[in-house]
Amino acid sequence: MNILRAQGLGKRYKRKWALTGCMLEIEPGHVTGLVGPNGAGKSTLLNIASGMLEPTTGTIEVCGGVPGSGPAQLAKVGYVAQNAPVYSGLSVEDHLRLGARLNPGWDDDLAHQRIEQLGLDPRQHAGKLSGGQRAQLALTLGIAKRPELLLLDEPVAALDPLARREFLQGLMAAVAEHGLSVVMSSHLVTDLERVCDQLIVLVDSQVRIAGDVEDLLATHHRLTGPRRDEDSLPADQHVISARHTDRQTSVVVRTDAPILDPVWTVGELSLEDLVLEYMSNSVTTRPALEVLR
Amino acid sequence: MTWLAWRQLRVPALSVLAGVAAIAVVLGITGPELVGRTDFSDQDLLFSGTILVSYLLPAVVGVFWGVPLVTREVEAGTHSLVWNQSVTRGRWLATKVGFGLLAAMLVTGLLSLAVTWWASPIDALANQSTDRGMLNRMSPVVFGARGVVPIGYAAFAFVLGVAVGVVLRRTLAAMAVTLVLLAGVLIAVPFLVRPYILPALDDEVAITQSNVVGIRGSEQGVESMTVPEPPGAWVLANETVDSAGNVVFPLPDFVNGCVPRPDRNDPPPARGSMGACMAQLGERGYSQHLAFQPGYRFWPLQWIELGIFLALSTLLTWFCFRRLRHLS
Amino acid sequence: MIQLHLDAASGLSPYLQLVRQVRHALRLGLLREGDQLPTVKEVVAELAINPNTVLKAYRELEHDGLVAARPGVGTFVKATLGGAPPTVLGPLRHELARWLVKARAAGLDEESIEALLMSTFRGSAREEIA
């Protein structure tokens, strides 16, 4: 059973479409990275999945229910918005009390354990916390409500490297301990490489590619060889991009089959390269909507 | 959720309560000494001050309690925190609005109780006097500062603040708009709505020499006259009409000769000539028309106006819930 | 208990790095039969990597017959890799020291020695995997 399923999902603000024809199937038990340029629709997708926004077209099902449709549904999904908003007038302890009163599935011991581990002063007002501490507090609130799925919108974007590492450590520990599924959007591919085993690339309000990270890396290759037309390649090799000089051609292809043509030098792509290929406008094929397995 | 609603309203609520308590103490101290007096000319400051505060309180409630209820959350982004803590938007708004509404109505009720009690000797006197200088409690400005109507104003102002906040989402802009709208409503209602809540009583009075009390005029001549008004009433019209019922303004020429001119230092006209003049007016079919809301209608009008404002508040609340879906 | 780490510049996928580190530890005798490997949660909390990566690495080691998972308890070393005894390591260390003397005499500074060493080592490591 999918933890998130979207069909033809679209969202329009006034005249601009923030998300179009989005099709996704995410299985539980994975950490999925959502990557794409600013304004691509990442926040919109996460907002819709958490029930903060309503879609204009299409359907979405999260943890088997419609997002935002009631307390039971809200309890299954945790969400931390960009910049981890917290109530600046309430203390850390107050936030935990808030979580305990509002969430039916609240794990108070877990929450207090985390706060202690993080070294946060319970009486400190949340407005005086540093960016990293706020993010950790928001993460604690998200984890301690024991959701099935946790959605994170650029959780580490504004954090220094140490705070970032600590945040991800805490997140991964929670995933290991509770079998939590996570969908997080980020710009930092190096973080995504460590933490995510599934990837979705979203550009210009559309899903360009989605799938298992290892699988994507194994099936994408950079072929370099003497100049030739990219259409002359076999049909099972989907050309993602092609660059020509007067003597040389370099193409990035996606294929399940091995590359047998000896004229090519076959190279591998790093995750960052792969993401960049799909994010750039020189994608020559139609956007490939891949089902995540 | 009630705990959160209380924590968020705590500071504004306590500060307003403290202010109202202080005022109540002052009134409590000065009140008893007003009993039995017939001259209240030294009470002008407190009299007008309490009226001012009675209108100010709903404004404060609307602007400082109602508006930030939604805008503060949206501007800080905490709505995405709280709406993902397994509480639906509906429950969130219902709790915060319910809490604030209750507090607003309670605190305004308290103030109104104190003010009405303090002013009761003054109001009682005004109820019986025909001295035009005394404002009785039926007069537009005083009416809104007595009894239960301020509670209606406060409820309305609070929900108005929330509604404007839901639409505009920015604290300062919403505060300004709420203030303007509230002022507009509070000014419009006494003049456009209240006179018609219950049909006014009409009286036709013959104009005689002894009952002309007010004459107004300019260089061209006498423009209007008034007769004594029923004590304790809110007079909507005190005008001279002809036999067909049309208002006469200015008065017919012949009056100029026999009625003392207010602007000129003429010697008063001869005795008896006034009486003859007035009789002449009567013969020609002129009389004085009085339209008024009598003093005994004070409480019925109070309750009806409270009902109107509570109904408006209910409408606005429904609007808020509908609009809530579009917030993100 | 050994400490696992991740080298972002290594060019190897994370799970392979973990496999290598465990094998390395087995070779050097840092891990002996019956020792417990760090739990998934411990590794993940230290390195901030996906738990599935650790699981994959441990599964491969299990597949190679080196470790055995005991559900609810942890993953334990089952067998060791033939590590080199001190009699083999000694002469090799001696040879290495002699080579270093030669390199320094040829005028190589610390940095060049290290670069030469690492590039040769990496080159041969890649051939070993491929």
# chains A, B, ... in the order shown; residues from 1 in each chain; ligands from 1
>>> select_by_dssp(residues="region 12-94 of chain C", states="helix (DSSP H, G or I)", output="PyMOL selection string")
chain C and resi 14-27+40-47+51-63+86-94
>>> interface_residues(of="chain C", to="chain A", cutoff="9 Å", atoms="only C-alpha atoms", output="JSON, numbers by chain")
{"C": [8, 11, 13, 14, 40, 41, 42, 43, 44, 45, 46, 47, 48, 49, 50, 51, 52, 53]}
>>> interface_residues(of="chain B", to="chain A", cutoff="7 Å", atoms="only C-alpha atoms", output="MDAnalysis selection string")
chainID B and resid 1 76:78 80:81 84:88 328
>>> select_by_dssp(residues="region 96-203 of chain A", states="strand (DSSP E or B)", output="PyMOL selection string")
chain A and resi 125+149-153+181-185+198-203
>>> write_last_selection(atoms="C-alpha atoms", output="PDB file, in the first residue's frame")
ATOM      1  CA  HIS A 125      11.433  30.686  25.093  1.00  0.00           C
ATOM      2  CA  LEU A 149       4.736   9.889   7.266  1.00  0.00           C
ATOM      3  CA  LEU A 150       6.855  12.934   8.009  1.00  0.00           C
ATOM      4  CA  LEU A 151       7.005  15.779   5.500  1.00  0.00           C
ATOM      5  CA  LEU A 152       9.879  18.241   5.715  1.00  0.00           C
ATOM      6  CA  ASP A 153      10.110  21.398   3.619  1.00  0.00           C
ATOM      7  CA  SER A 181       8.640   7.274   6.170  1.00  0.00           C
ATOM      8  CA  VAL A 182       9.990  10.666   5.203  1.00  0.00           C
ATOM      9  CA  VAL A 183       9.589  12.977   2.237  1.00  0.00           C
ATOM     10  CA  MET A 184      11.948  15.918   2.399  1.00  0.00           C
ATOM     11  CA  SER A 185      12.719  18.661  -0.052  1.00  0.00           C
ATOM     12  CA  GLN A 198      14.334   7.448  -3.199  1.00  0.00           C
ATOM     13  CA  LEU A 199      14.404  10.591  -5.301  1.00  0.00           C
ATOM     14  CA  ILE A 200      11.881  12.841  -7.039  1.00  0.00           C
ATOM     15  CA  VAL A 201      13.059  15.604  -9.358  1.00  0.00           C
ATOM     16  CA  LEU A 202      10.493  18.367  -9.777  1.00  0.00           C
ATOM     17  CA  VAL A 203      11.080  21.086 -12.369  1.00  0.00           C
TER      18      VAL A 203
END
>>> atom_distance(atom1="CA of Gly28 (chain B)", atom2="CA of Ile304 (chain B)")
28.8 Å
>>> residues_around(residues="Ala21 (chain B)", least_positions_apart="5", cutoff="10 Å", atoms="only C-alpha atoms", output="ChimeraX atom specification")
/B:15-16,26-27,107,110-111,114
>>> write_last_selection(atoms="N, CA and C atoms", output="CSV table (one decimal), in the first residue's frame")
chain,number,residue,atom,x,y,z
B,15,SER,N,-4.4,42.6,30.4
B,15,SER,CA,-4.1,44.0,30.4
B,15,SER,C,-5.5,44.8,30.3
B,16,VAL,N,-6.3,44.3,29.4
B,16,VAL,CA,-7.6,44.9,29.3
B,16,VAL,C,-8.4,44.8,30.6
B,26,VAL,N,-12.4,53.2,40.4
B,26,VAL,CA,-12.7,54.7,40.4
B,26,VAL,C,-14.2,55.0,40.5
B,27,LEU,N,-14.9,54.3,39.6
B,27,LEU,CA,-16.4,54.5,39.6
B,27,LEU,C,-17.0,54.1,40.9
B,107,VAL,N,-15.9,41.0,29.8
B,107,VAL,CA,-15.2,42.2,30.3
B,107,VAL,C,-16.0,43.5,29.9
B,110,LEU,N,-18.8,43.8,32.3
B,110,LEU,CA,-18.4,44.3,33.6
B,110,LEU,C,-18.3,45.8,33.6
B,111,LEU,N,-17.7,46.3,32.5
B,111,LEU,CA,-17.5,47.7,32.4
B,111,LEU,C,-18.9,48.4,32.3
B,114,ALA,N,-20.6,48.6,35.6
B,114,ALA,CA,-20.0,49.7,36.5
B,114,ALA,C,-20.4,51.1,36.0
>>> atom_distance(atom1="CA of Ala183 (chain B)", atom2="CA of Leu45 (chain B)")
22.6 Å
>>> residues_around(residues="Ser243 (chain B)", least_positions_apart="6", cutoff="8 Å", atoms="only C-alpha atoms", output="list of chain:residue names")
B:Arg284, B:Gly285, B:Tyr286, B:Ser287
>>> write_last_selection(atoms="N, CA and C atoms", output="short mmCIF file (atom, residue, chain, number, x, y, z; two decimals), in the first residue's frame")
data_model
loop_
_atom_site.label_atom_id
_atom_site.label_comp_id
_atom_site.auth_asym_id
_atom_site.auth_seq_id
_atom_site.Cartn_x
_atom_site.Cartn_y
_atom_site.Cartn_z
N ARG B 284 -54.26 79.01 10.71
CA ARG B 284 -53.84 78.67 9.35
C ARG B 284 -53.43 77.20 9.22
N GLY B 285 -53.64 76.46 10.25
CA GLY B 285 -53.39 75.02 10.14
C GLY B 285 -51.98 74.57 10.49
N TYR B 286 -51.22 75.53 11.09
CA TYR B 286 -49.86 75.09 11.45
C TYR B 286 -49.86 74.48 12.85
N SER B 287 -49.08 73.47 13.03
CA SER B 287 -48.92 72.89 14.37
C SER B 287 -47.49 72.38 14.49
#
>>> atom_distance(atom1="CA of Leu56 (chain B)", atom2="CA of Trp118 (chain B)")
18.0 Å
>>> residues_around(residues="Ala68 (chain C)", least_positions_apart="6", cutoff="10 Å", atoms="only C-alpha atoms", output="mmCIF file with N, CA and C atoms, in the first residue's frame")
data_model
loop_
_atom_site.group_PDB
_atom_site.id
_atom_site.type_symbol
_atom_site.label_atom_id
_atom_site.label_comp_id
_atom_site.auth_asym_id
_atom_site.auth_seq_id
_atom_site.Cartn_x
_atom_site.Cartn_y
_atom_site.Cartn_z
ATOM 1 N N GLY C 34 32.239 -13.383 17.343
ATOM 2 C CA GLY C 34 31.369 -13.137 18.492
ATOM 3 C C GLY C 34 31.198 -11.666 18.822
ATOM 4 N N GLN C 36 30.010 -7.830 18.502
ATOM 5 C CA GLN C 36 28.794 -7.269 17.913
ATOM 6 C C GLN C 36 29.141 -6.053 17.051
ATOM 7 N N LEU C 37 28.569 -6.002 15.880
ATOM 8 C CA LEU C 37 28.712 -4.811 15.042
ATOM 9 C C LEU C 37 27.823 -3.701 15.615
ATOM 10 N N TYR C 58 25.000 -4.718 5.904
ATOM 11 C CA TYR C 58 25.015 -5.871 6.814
ATOM 12 C C TYR C 58 24.491 -7.125 6.120
ATOM 13 N N ARG C 59 23.519 -6.930 5.213
ATOM 14 C CA ARG C 59 22.978 -8.093 4.486
ATOM 15 C C ARG C 59 24.046 -8.689 3.589
ATOM 16 N N LEU C 61 27.281 -8.511 4.024
ATOM 17 C CA LEU C 61 28.265 -9.191 4.866
ATOM 18 C C LEU C 61 27.726 -10.548 5.319
ATOM 19 N N GLU C 62 26.422 -10.568 5.569
ATOM 20 C CA GLU C 62 25.789 -11.831 5.975
ATOM 21 C C GLU C 62 25.825 -12.812 4.817
ATOM 22 N N GLY C 74 20.998 -8.084 17.605
ATOM 23 C CA GLY C 74 21.984 -7.308 16.855
ATOM 24 C C GLY C 74 22.646 -8.167 15.804
ATOM 25 N N THR C 75 23.713 -7.649 15.239
ATOM 26 C CA THR C 75 24.465 -8.393 14.224
ATOM 27 C C THR C 75 25.837 -8.745 14.780
ATOM 28 N N PHE C 76 26.209 -10.011 14.661
ATOM 29 C CA PHE C 76 27.441 -10.493 15.299
ATOM 30 C C PHE C 76 28.379 -11.116 14.278
ATOM 31 N N VAL C 77 29.669 -11.033 14.562
ATOM 32 C CA VAL C 77 30.677 -11.586 13.657
ATOM 33 C C VAL C 77 30.666 -13.099 13.761
ATOM 34 N N LYS C 78 30.640 -13.725 12.598
ATOM 35 C CA LYS C 78 30.580 -15.197 12.561
ATOM 36 C C LYS C 78 31.940 -15.789 12.230
ATOM 37 N N ALA C 79 32.627 -15.132 11.323
ATOM 38 C CA ALA C 79 33.920 -15.680 10.876
ATOM 39 C C ALA C 79 34.865 -14.541 10.622
#
>>> residues_around(residues="region 117-125 of chain C", least_positions_apart="4", cutoff="12 Å", atoms="only C-alpha atoms", output="VMD selection string")
chain C and resid 9 to 12 20 96 99 to 100 103 108 110 to 113 129 to 130
>>> write_last_selection(atoms="N, CA and C atoms", output="CSV table (one decimal), in the first residue's frame")
chain,number,residue,atom,x,y,z
C,9,ALA,N,34.4,11.8,-0.4
C,9,ALA,CA,35.1,11.9,-1.6
C,9,ALA,C,35.6,10.6,-2.1
C,10,SER,N,35.2,9.5,-1.5
C,10,SER,CA,35.8,8.2,-1.9
C,10,SER,C,35.3,7.7,-3.2
C,11,GLY,N,34.2,8.2,-3.7
C,11,GLY,CA,33.8,7.7,-5.0
C,11,GLY,C,33.0,6.3,-4.9
C,12,LEU,N,33.1,5.7,-3.8
C,12,LEU,CA,32.4,4.5,-3.6
C,12,LEU,C,31.0,4.8,-3.0
C,20,ARG,N,33.4,-2.4,3.2
C,20,ARG,CA,34.9,-2.5,3.2
C,20,ARG,C,35.4,-2.2,4.6
C,96,LEU,N,58.4,-1.0,3.2
C,96,LEU,CA,57.7,0.3,3.0
C,96,LEU,C,58.6,1.4,3.5
C,99,TRP,N,61.4,2.1,1.1
C,99,TRP,CA,60.9,2.8,-0.1
C,99,TRP,C,60.7,4.3,0.2
C,100,LEU,N,60.3,4.6,1.4
C,100,LEU,CA,60.1,5.9,1.8
C,100,LEU,C,61.4,6.7,1.9
C,103,ALA,N,62.3,7.5,-1.6
C,103,ALA,CA,61.5,8.6,-2.2
C,103,ALA,C,62.0,9.9,-1.7
C,108,LEU,N,61.4,14.0,-3.2
C,108,LEU,CA,59.9,14.2,-3.0
C,108,LEU,C,59.6,14.7,-1.6
C,110,GLU,N,56.7,15.7,1.4
C,110,GLU,CA,55.7,14.9,2.1
C,110,GLU,C,54.4,14.8,1.2
C,111,GLU,N,54.1,15.9,0.6
C,111,GLU,CA,52.8,16.0,-0.2
C,111,GLU,C,52.9,15.1,-1.4
C,112,SER,N,54.0,15.1,-2.1
C,112,SER,CA,54.2,14.3,-3.3
C,112,SER,C,54.2,12.9,-3.0
C,113,ILE,N,54.8,12.5,-1.9
C,113,ILE,CA,54.8,11.1,-1.5
C,113,ILE,C,53.4,10.6,-1.3
C,129,ILE,N,37.8,-3.7,-7.4
C,129,ILE,CA,36.3,-3.8,-7.4
C,129,ILE,C,35.8,-4.2,-8.7
C,130,ALA,N,36.3,-3.6,-9.8
C,130,ALA,CA,35.7,-3.7,-11.1
C,130,ALA,C,35.7,-5.2,-11.6
>>> residues_around(residues="region 137-153 of chain B", least_positions_apart="2", cutoff="8 Å", atoms="only C-alpha atoms", output="ChimeraX atom specification")
/B:50-51,54-55,58,104-106,108-109,112-113,115-116,123,126-127,135,155-157,190-191,232-234,293,295,298,302-303,305-307,309-310
